[in-house]
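Engineer: Here you go, one structure.
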There are 2 protein chains.
Amino acid sequence: MARIAGKPVTERRLNAGGLSRPVDPNGSLVTGQCYVQFARLAAPRFAAPAVFWHGGAMTGAVWEATPDGRPGWQSDFLRFGFDTYVCDAPGRGRAGWSPFPDIFGDAPLFRTLEEAWSLFRFGPAEGWHEDRARLRPFAGQRFPLAALETFAAQLVPRWTGHEDLMLEAQAAALERIGPAWLIAHSQGGYLALMLAARCPDLVRGVIAIEPAAAPGEIGGAATVPHLVVWGDHFAASPLWRRYRAAVEGHLDALEAAGGAVARLDLPAIGIAGNSHAPMLDDNAAAVAALVRDWIAALDPGIAPRAPDGG
Amino acid sequence: MARIAGKPVTERRLNAGGLSRPVDPNGSLVTGQCYVQFARLAAPRFAAPAVFWHGGAMTGAVWEATPDGRPGWQSDFLRFGFDTYVCDAPGRGRAGWSPFPDIFGDAPLFRTLEEAWSLFRFGPAEGWHEDRARLRPFAGQRFPLAALETFAAQLVPRWTGHEDLMLEAQAAALERIGPAWLIAHSQGGYLALMLAARCPDLVRGVIAIEPAAAPGEIGGAATVPHLVVWGDHFAASPLWRRYRAAVEGHLDALEAAGGAVARLDLPAIGIAGNSHAPMLDDNAAAVAALVRDWIAALDPGIAPRAPDGG
């Protein structure tokens with residue numbers, strides 16, 4: 001609980017048609033909380049649940065549906081037989097955020113559609129800034145670009161330097177949920193790698209989808225199985241080649257320490273065209289099934305599979 | 001789509017363990033969007049869905065569960081046989097927000113725990129500001145105050161003067177959802193009254209839970225059935241007596257124009273002790289059933305009731 005003090009009381013009209021009243025900004029504000037929404041099955045097939053962490057400028061909405069309206073990975077993993085928990089990190093989505101500079105320090109960053117175009121490897125970055133009409137996707141791009149504005153509508157402000165705040169909130173959530181398969185995207189993938197190092201007992205396994213950074217520490221992570229998923233078009237992104245090299249260095253160190261690391265390099269197994277967000281691409285359900293298969297090899301489940309193998 | 005231009009590019013490290021890169025804040029940002037999460041039944045009993053709008057410093061999380069962990073009204077209305085749609089208004093929760101002053105103008109307001117104590121009529125406001133230990137609830141208070149900090153953790157920043165932005169987004173959502181029973185709290189109740197006046201064809205009926213203001217216009221609202229729900233302890237809140245008087249004036253004008261208006265004044269029918277948020281109080285399920293009964297009298301449903309009448 002944080003405190004705000006010493007600020008003036010002002011007379012404000014909170015609703016245009018309403019009556020004015022004094023608004024006192026001073027007092028207590030909860031800060032650092034995350035939001036978790038769960039959907040649990042009557043009869044899950046897997047003992048540990050799937051916990052979903054979004055990426056840097058996103059919320060849990062990214063796991064609910066694809067921008068073009070297909071069911072998201074939350075639905076896929078429920079269908080596979082996992083209880084699911086979808087998180088909004090501190091400062092984003094339903095977790096809310098705290099005043100800056102008073103509590104949250106710096107101002108947040110906003111992700112423009114043009115920055116997303118480049119960072120999500122939808123297409124060449126050249127010229128995007130001057131003229132959106134010049135944006136051309138990579139050949140074979142699997143992201144549903146017809147729904148690009150719906151995707152951009154889901155981007156939210158994000159703070160930097162909040163890693164410890166986010167890790168504390170996520171660890172507190174996992175202490176209540178129990179050890180889980182962390183399915184985590186981009187910045188969330190970085191945090192999942194970090195949590196496996198710091199709190200391995202809370203993590204049944206890490207599934208990092210295009211993690212954006214490496215934790216820089218091994219800690220207890222070698223006892224936690226890791227799967228890292230990479231999309232396509234790294235050749236066109238010097239920035240992502242640097243990010244990926246840092247993550248691969250961490251994975252190499254994990255293996256050297258005896259850790260079990262699986263790399264799902266989609267183009268290397270003949271699946272071309274994925275963006276930075278394979279869980280939103282046109283083959284999202286197929287990629288989900290590959291992740292499910294990796295989990296199932298480690299945890300065959302607590303109940304018989306349905307005949308369809310789903 | 002809004003544009004940011006003319007700001008400097010800075011070199012930033014987005015993740016503590018990551019690599020720095022140039023961050024360009026200039027470009028396109030979607031603004032004014034709302035977020036809607038739906039849960040639909042295989043066989044709904046009611047033709048029109050229930051659409052939930054949160055109050056001023058809140059998100060759709062308020063309808064999911066009570067702070068002390070009971071199922072929320074979303075679950076109750078699914079059980080009653082409604083398809084449900086839970087909204088986060090523009091600027092809040094998963095809808096995200098836009099930079100201020102560039103796009104969103106003014107800075108938002110933050111609701112302190114102490115302001116919530118007073119505004120939600122949990123107890124006398126005297127002395128709350130100096131010492132939280134002095135907070136004492138009203139006798140018979142039904143709000144689950146043991147979970148007060150969980151409630152406070154769900155409060156989010158809110159902007160003022162965004163009524164038209166919110167109404168446009170909500171109207172756009174209803175155009176896709178179809179005419180609905182709007183179950184709306186506090187500021188959301190005010191917006192629902194406004195939407196009934198401006199877009200009556202989108203509104204099957206308004207259920208305003210403690211609306212915080214009156215729209216100041218009748219428009220087409222007399223063709224829309226209205227239910228307004230009031231809790232207890234108005235005698236102790238001069239502010240809420242003023243708010244309520246303004247709303248009652250609107251309801252009187254609606255009736256004078258031939259509108260159908262029902263007032264569910266809980267203490268007047270012997271249900272004492274409710275706060276400003278009856279959907280979170282210890283009798284939340286009973287209040288939900290009263291709302292369901294009002295709807296069912298107007299729309300007997302599209303399928304037979306289950307034997308338990310639920």
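Order determines the names: the first chain of the structure tokens is A, the second B, and so forth; residues in each chain are numbered 1 upward, and ligands are numbered 1 upward as they are shown.
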Show me which bits of chain A are within 6 Å of chain B, counting only C-alpha atoms, as a list in words.
Structural biologist: Leu14, Gly17, Gly18, Gly27, Ser28, Leu29, Val30, Gly93, Arg94, Gly96, Thr112, Leu113, Ala153, Val156, Thr160, Ala213 and Pro215 of chain A
Engineer: Mind listing the alpha helix (DSSP H) residues of segment 50-190 of chain A, per DSSP on the backbone, as an MDAnalysis selection string?
Structural biologist: chainID A and resid 73:80 113:119 148:153 163:177 187:190
Engineer: Between atom CA of Arg263 of chain B and atom CA of Trp117 of chain B, what is the distance, to one decimal in Å?
Structural biologist: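 One can read the atom CA of Arg263 of chain B to atom CA of Trp117 of chain B distance as 25.0 Å.
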Engineer: Counting only C-alpha atoms, what is within 12 Å of His233 of chain A, bar same-chain residues fewer than 3 positions away, as an MDAnalysis selection string?
Structural biologist: chainID A and resid 118:124 137:142 230 236:241 265:268 271:276
Engineer: At what distance in Å, to one decimal, does atom CA of Gly259 of chain A lie from atom CA of Ala171 of chain A?
Structural biologist: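 Distance between the two atoms: 21.3 Å.
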Engineer: Segment 116-186 of chain A near segment 196-200 of chain A within 10 Å: what's each residue's closest atom pair and its distance in Å to one decimal, counting only C-alpha atoms, ordered by chain then ascending residue number, as a Markdown table?
Structural biologist:
```
| residue | atom | partner | partner_atom | distance |
| --- | --- | --- | --- | --- |
| A:Leu167 | CA | A:Arg198 | CA | 9.4 |
| A:Ala171 | CA | A:Cys199 | CA | 7.6 |
| A:Leu174 | CA | A:Cys199 | CA | 9.8 |
| A:Pro179 | CA | A:Pro200 | CA | 8.8 |
| A:Leu182 | CA | A:Ala196 | CA | 9.4 |
```
Engineer: The selected residues should be written to file as a short mmCIF file (atom, residue, chain, number, x, y, z; two decimals), in the first residue's frame (atoms: N, CA and C atoms).
Structural biologist:
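Okay, this is what ended up in out.cif:
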```
data_model
loop_
_atom_site.label_atom_id
_atom_site.label_comp_id
_atom_site.auth_asym_id
_atom_site.auth_seq_id
_atom_site.Cartn_x
_atom_site.Cartn_y
_atom_site.Cartn_z
N LEU A 167 7.80 -9.56 -11.10
CA LEU A 167 8.16 -10.89 -10.62
C LEU A 167 7.55 -11.17 -9.25
N ALA A 171 5.02 -14.16 -8.72
CA ALA A 171 5.37 -15.21 -7.76
C ALA A 171 4.25 -15.36 -6.72
N LEU A 174 1.52 -17.30 -8.29
CA LEU A 174 1.84 -18.73 -8.43
C LEU A 174 1.84 -19.44 -7.08
N PRO A 179 2.41 -24.83 -8.65
CA PRO A 179 3.38 -24.90 -9.75
C PRO A 179 2.65 -25.07 -11.08
N LEU A 182 4.26 -22.21 -17.34
CA LEU A 182 4.20 -20.78 -17.67
C LEU A 182 4.31 -20.62 -19.16
#
```
Engineer: Can you pull out the residues contacting Thr66 of chain B? Cut-off 8 Å, using only C-alpha atoms, and skip same-chain residues under 6 positions away; I want them as a list in words.
Structural biologist: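 What passes the distance filter is Gly72, Met279, Leu280 and Asp281 of chain B.
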Engineer: For the selection just defined, write its residues with N, CA and C atoms to a file, as a short mmCIF file (atom, residue, chain, number, x, y, z; two decimals), in the first residue's frame.
Structural biologist:
```cif
data_model
loop_
_atom_site.label_atom_id
_atom_site.label_comp_id
_atom_site.auth_asym_id
_atom_site.auth_seq_id
_atom_site.Cartn_x
_atom_site.Cartn_y
_atom_site.Cartn_z
N GLY B 72 -19.25 -13.57 -8.97
CA GLY B 72 -19.85 -12.26 -9.22
C GLY B 72 -21.12 -12.35 -10.04
N MET B 279 -23.75 -5.31 -5.79
CA MET B 279 -23.32 -6.54 -6.48
C MET B 279 -22.07 -7.14 -5.86
N LEU B 280 -21.51 -6.46 -4.87
CA LEU B 280 -20.35 -7.02 -4.15
C LEU B 280 -20.71 -7.36 -2.70
N ASP B 281 -21.88 -6.93 -2.24
CA ASP B 281 -22.24 -7.07 -0.83
C ASP B 281 -22.58 -8.53 -0.50
#
```
Engineer: How many Å lie between atom CA of Ala192 of chain B and atom CA of Ile207 of chain B, rounded to one decimal?
Structural biologist: 8.1 Å
Engineer: List every residue of segment 9-187 of chain B that DSSP, applied to the backbone of this structure, assigns to strand (DSSP E), and report them as number ranges by chain.
Structural biologist: B: 10-13, 20-23, 27-29, 35-39, 50-53, 84-88, 180-185
Engineer: Taking C-alpha atoms for each residue, export the selection above as a tab-separated table (two decimals), in the first residue's frame.
Structural biologist:
```tsv
chain	number	residue	atom	x	y	z
B	10	THR	CA	15.53	7.97	-27.13
B	11	GLU	CA	17.76	4.98	-26.47
B	12	ARG	CA	15.99	2.78	-23.90
B	13	ARG	CA	16.50	-0.53	-22.20
B	20	SER	CA	18.95	-1.17	-25.30
B	21	ARG	CA	17.40	0.06	-28.53
B	22	PRO	CA	16.03	3.31	-29.95
B	23	VAL	CA	12.42	3.97	-28.90
B	27	GLY	CA	3.38	7.21	-34.92
B	28	SER	CA	-0.18	5.89	-34.83
B	29	LEU	CA	-2.09	4.90	-31.70
B	35	TYR	CA	-12.72	-3.98	-24.32
B	36	VAL	CA	-15.52	-6.55	-24.23
B	37	GLN	CA	-15.20	-10.12	-22.98
B	38	PHE	CA	-18.14	-12.41	-23.61
B	39	ALA	CA	-19.28	-15.72	-22.18
B	50	ALA	CA	-26.73	-9.00	-20.23
B	51	VAL	CA	-24.09	-6.36	-20.86
B	52	PHE	CA	-22.16	-5.20	-17.79
B	53	TRP	CA	-20.65	-1.74	-17.39
B	84	THR	CA	-22.98	-12.10	-20.80
B	85	TYR	CA	-20.69	-9.36	-22.07
B	86	VAL	CA	-18.37	-7.60	-19.61
B	87	CYS	CA	-16.89	-4.28	-20.72
B	88	ASP	CA	-13.84	-2.22	-19.79
B	180	ALA	CA	-29.11	-5.78	-24.49
B	181	TRP	CA	-30.02	-5.50	-20.86
B	182	LEU	CA	-27.46	-2.97	-19.65
B	183	ILE	CA	-26.46	-3.73	-16.09
B	184	ALA	CA	-24.43	-0.72	-15.13
B	185	HIS	CA	-22.93	0.61	-11.92
```
Engineer: Tell me which of A:Val203, A:Ala289, A:Ala172, A:Ala125 sits closest to Val224 of chain A, counting only C-alpha atoms.
Structural biologist: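 Using only C-alpha atoms, Val224 of chain A sits closest to A:Val203.
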